[in-house]
Amino acid sequence: MKKVITEAAINRRTYWVEEIRKLSGDFGDDSDRLEKELRDEIKKHGAPALIDHLRLCGDIPESYGYDSSEEKLYSKYTDSLLAEAFKAIGLKSLVLKERADAADVEAFAKSYSFVADAKSFRLSRTAKNQKDFKVQAMDGWKRGKPYAMVVCPIYQLPNKSSQIYEQAITRNVCVFTYSHLAMLVCFSQLEGKPKAEELIHEIFKTIAALNPLKDASAYWLAVNKTMLGFSNKVEDLWKAEKQAAVESIAAAKEEALTFLANERENIMRMSHEEALLELVRVYKIESRIKVIRSVTDNGILEIR
């Protein structure tokens, strides 16, 4: 079977991981430069480049230090991707500059508007709780808008029972994935931007009509059926995105495991004294590898 995520997409990911590392330093200036460079790349290469980004952006590179300037700039990168995705779908969108007590992205359609936030996680991160997804916070950051959206990597979302789904339904916040968003961008290319804009609205209205519950299956059944039932053109896009979701996990694991293997080799080549000094910093490598190897497709796109 032909791969959906191409070598060119992997190379684009590698370039941006390094570009963010090079750019990081002065957050204000760097984030502006990042936004412009990303916008220029998508303008030059079109929707396929944007879709490549969306499929591979969900994991924070293991090579970035915790709470580092690279990690902070990576968050700005995912926010910028959301804004570009919404623009590709036909909405007006911008990344907000304020960093505290506010959403990161605003989007405006002809008949509705919403705030949005992009989430990304390290593959090696073990514990994620409801606060990591900011569903309750997003409700407070609507600032009068009717809807909010939190976009997450599909393989990091709970697939059984979680309070985030109950909170999302109760507070009118759409928990969405980069996979679903990539499908919407593809759909806008096939059926036109007005149709894609209408489909997002239908998804928001579907979530608002659900009975509050923690059941992941019920939540994703409603979202997925809304998309699949909207147009018969979605079916083929769905098949491609299911494959892309599996391939994106493999690509993310390969990137992370390669980095950690190189780190381990560097440690083994150290002198005894150097190794002792480094041990305190890197002692979690084996446990991180174990967590990364355990990441699998959670079947959210199978719920239909």
# chains A, B, ... in the order shown; residues from 1 in each chain; ligands from 1
$ select_by_dssp --residues "region 1-187 of chain A" --states "helix (DSSP H, G or I)" --output "JSON, numbers by chain"
{"A": [7, 8, 9, 10, 11, 12, 13, 14, 15, 16, 17, 18, 19, 20, 21, 22, 23, 27, 28, 29, 30, 31, 32, 33, 34, 35, 36, 37, 38, 39, 40, 41, 42, 43, 44, 45, 47, 48, 49, 50, 51, 52, 53, 54, 55, 56, 69, 70, 71, 72, 73, 74, 75, 76, 77, 78, 79, 80, 81, 82, 83, 84, 85, 86, 87, 88, 89, 130, 131, 132, 133, 135, 136, 137, 138, 139, 140, 154, 155, 156, 163, 164, 165, 166, 167, 168, 169, 170, 171, 178, 179, 180, 181, 182, 183, 184, 185, 186, 187]}
$ select_by_dssp --residues "region 27-271 of chain A" --states "strand (DSSP E or B)" --output "ChimeraX atom specification"
/A:59,92-95,105-108,113-118,121,147-152,161,173-177,215
$ closest_residue --among "A:His53, A:Arg288, A:Arg143, A:His272" --to "Thr6 (chain A)" --atoms "only C-alpha atoms"
A:His53
$ residues_around --residues "region 28-42 of chain A" --least-positions-apart "6" --cutoff "9 Å" --atoms "only C-alpha atoms" --output "CSV table (one decimal) with N, CA and C atoms, in the first residue's frame"
chain,number,residue,atom,x,y,z
A,19,GLU,N,14.6,24.3,12.4
A,19,GLU,CA,14.4,25.7,12.2
A,19,GLU,C,13.9,26.4,13.5
A,20,ILE,N,13.0,25.7,14.2
A,20,ILE,CA,12.5,26.2,15.5
A,20,ILE,C,13.6,26.3,16.5
A,48,PRO,N,-1.2,20.9,0.3
A,48,PRO,CA,-0.4,19.7,0.7
A,48,PRO,C,0.6,20.0,1.7
A,49,ALA,N,1.3,21.1,1.7
A,49,ALA,CA,2.3,21.4,2.7
A,49,ALA,C,1.6,21.6,4.1
A,50,LEU,N,0.5,22.3,4.1
A,50,LEU,CA,-0.2,22.5,5.4
A,50,LEU,C,-0.7,21.1,5.9
A,73,LEU,N,8.5,28.0,21.6
A,73,LEU,CA,8.3,28.4,20.2
A,73,LEU,C,7.5,27.3,19.4
A,76,LYS,N,4.0,28.0,19.7
A,76,LYS,CA,3.6,29.0,18.8
A,76,LYS,C,3.4,28.5,17.4
A,77,TYR,N,4.3,27.5,17.0
A,77,TYR,CA,4.2,26.9,15.7
A,77,TYR,C,2.9,26.2,15.5
A,80,SER,N,0.1,28.7,15.1
A,80,SER,CA,0.1,29.2,13.7
A,80,SER,C,-0.4,28.3,12.7
A,81,LEU,N,-0.2,27.0,12.9
A,81,LEU,CA,-0.7,26.0,12.0
A,81,LEU,C,-2.3,26.0,12.0
A,84,GLU,N,-3.5,28.9,10.1
A,84,GLU,CA,-3.4,28.7,8.6
A,84,GLU,C,-4.4,27.6,8.1
A,95,VAL,N,-3.5,34.5,15.2
A,95,VAL,CA,-2.9,34.1,16.4
A,95,VAL,C,-2.8,35.3,17.3
A,97,LYS,N,-1.6,37.6,20.5
A,97,LYS,CA,-0.3,37.9,21.1
A,97,LYS,C,-0.3,37.7,22.6
$ residues_around --residues "Ser63 (chain A)" --least-positions-apart "2" --cutoff "8 Å" --atoms "only C-alpha atoms" --output "PyMOL selection string"
chain A and resi 61+65+256+259
$ write_last_selection --atoms "N, CA and C atoms" --output "JSON list (two decimals), in the first residue's frame"
[["chain", "number", "residue", "atom", "x", "y", "z"],
["A", 61, "PRO", "N", 9.18, 17.59, 19.96],
["A", 61, "PRO", "CA", 10.42, 16.81, 19.77],
["A", 61, "PRO", "C", 11.10, 16.50, 21.09],
["A", 65, "GLY", "N", 14.57, 20.76, 25.16],
["A", 65, "GLY", "CA", 14.59, 20.71, 26.61],
["A", 65, "GLY", "C", 13.23, 21.07, 27.20],
["A", 256, "ALA", "N", 11.64, 10.12, 17.82],
["A", 256, "ALA", "CA", 11.95, 10.18, 19.25],
["A", 256, "ALA", "C", 12.95, 9.10, 19.65],
["A", 259, "PHE", "N", 16.52, 9.87, 18.49],
["A", 259, "PHE", "CA", 17.19, 10.86, 19.34],
["A", 259, "PHE", "C", 17.66, 10.24, 20.65]]
$ residues_around --residues "Lys290 (chain A)" --least-positions-apart "5" --cutoff "10 Å" --atoms "only C-alpha atoms" --output "MDAnalysis selection string"
chainID A and resid 124 126 257 285 295
$ closest_atom_pairs --of "region 148-219 of chain A" --to "region 223-246 of chain A" --cutoff "7 Å" --atoms "only C-alpha atoms" --output "CSV"
residue,atom,partner,partner_atom,distance
A:Ser179,CA,A:Glu241,CA,6.4
A:Met183,CA,A:Leu237,CA,6.2
A:Phe187,CA,A:Val234,CA,6.9
A:Ile203,CA,A:Val223,CA,6.2
A:Tyr219,CA,A:Val223,CA,6.5
$ write_last_selection --atoms "N, CA and C atoms" --output "short mmCIF file (atom, residue, chain, number, x, y, z; two decimals), in the first residue's frame"
data_model
loop_
_atom_site.label_atom_id
_atom_site.label_comp_id
_atom_site.auth_asym_id
_atom_site.auth_seq_id
_atom_site.Cartn_x
_atom_site.Cartn_y
_atom_site.Cartn_z
N SER A 179 -5.91 15.16 12.85
CA SER A 179 -6.37 14.29 11.77
C SER A 179 -7.69 14.78 11.19
N MET A 183 -8.46 16.50 7.46
CA MET A 183 -9.55 16.09 6.58
C MET A 183 -10.38 17.28 6.12
N PHE A 187 -11.09 18.45 2.45
CA PHE A 187 -12.48 18.59 2.01
C PHE A 187 -12.72 19.95 1.36
N ILE A 203 -20.40 20.47 13.14
CA ILE A 203 -19.70 19.76 14.21
C ILE A 203 -19.92 20.45 15.55
N TYR A 219 -18.88 10.29 22.17
CA TYR A 219 -18.46 11.61 21.69
C TYR A 219 -17.94 11.52 20.25
#
$ closest_residue --among "A:Lys72, A:Lys160, A:Arg55, A:Lys205" --to "His180 (chain A)" --atoms "only C-alpha atoms"
A:Arg55
$ closest_residue --among "A:Glu265, A:Glu191, A:Glu62, A:Glu71" --to "Arg122 (chain A)" --atoms "only C-alpha atoms"
A:Glu62
$ atom_distance --atom1 "CA of Asp117 (chain A)" --atom2 "CA of Asp104 (chain A)"
5.5 Å
$ residues_around --residues "Leu210 (chain A)" --least-positions-apart "6" --cutoff "12 Å" --atoms "only C-alpha atoms" --output "number ranges by chain"
A: 165-174, 203-204, 218-223
$ residues_around --residues "Val185 (chain A)" --least-positions-apart "6" --cutoff "7 Å" --atoms "only C-alpha atoms" --output "list in words"
Ala85, Ala88 and Ile89 of chain A
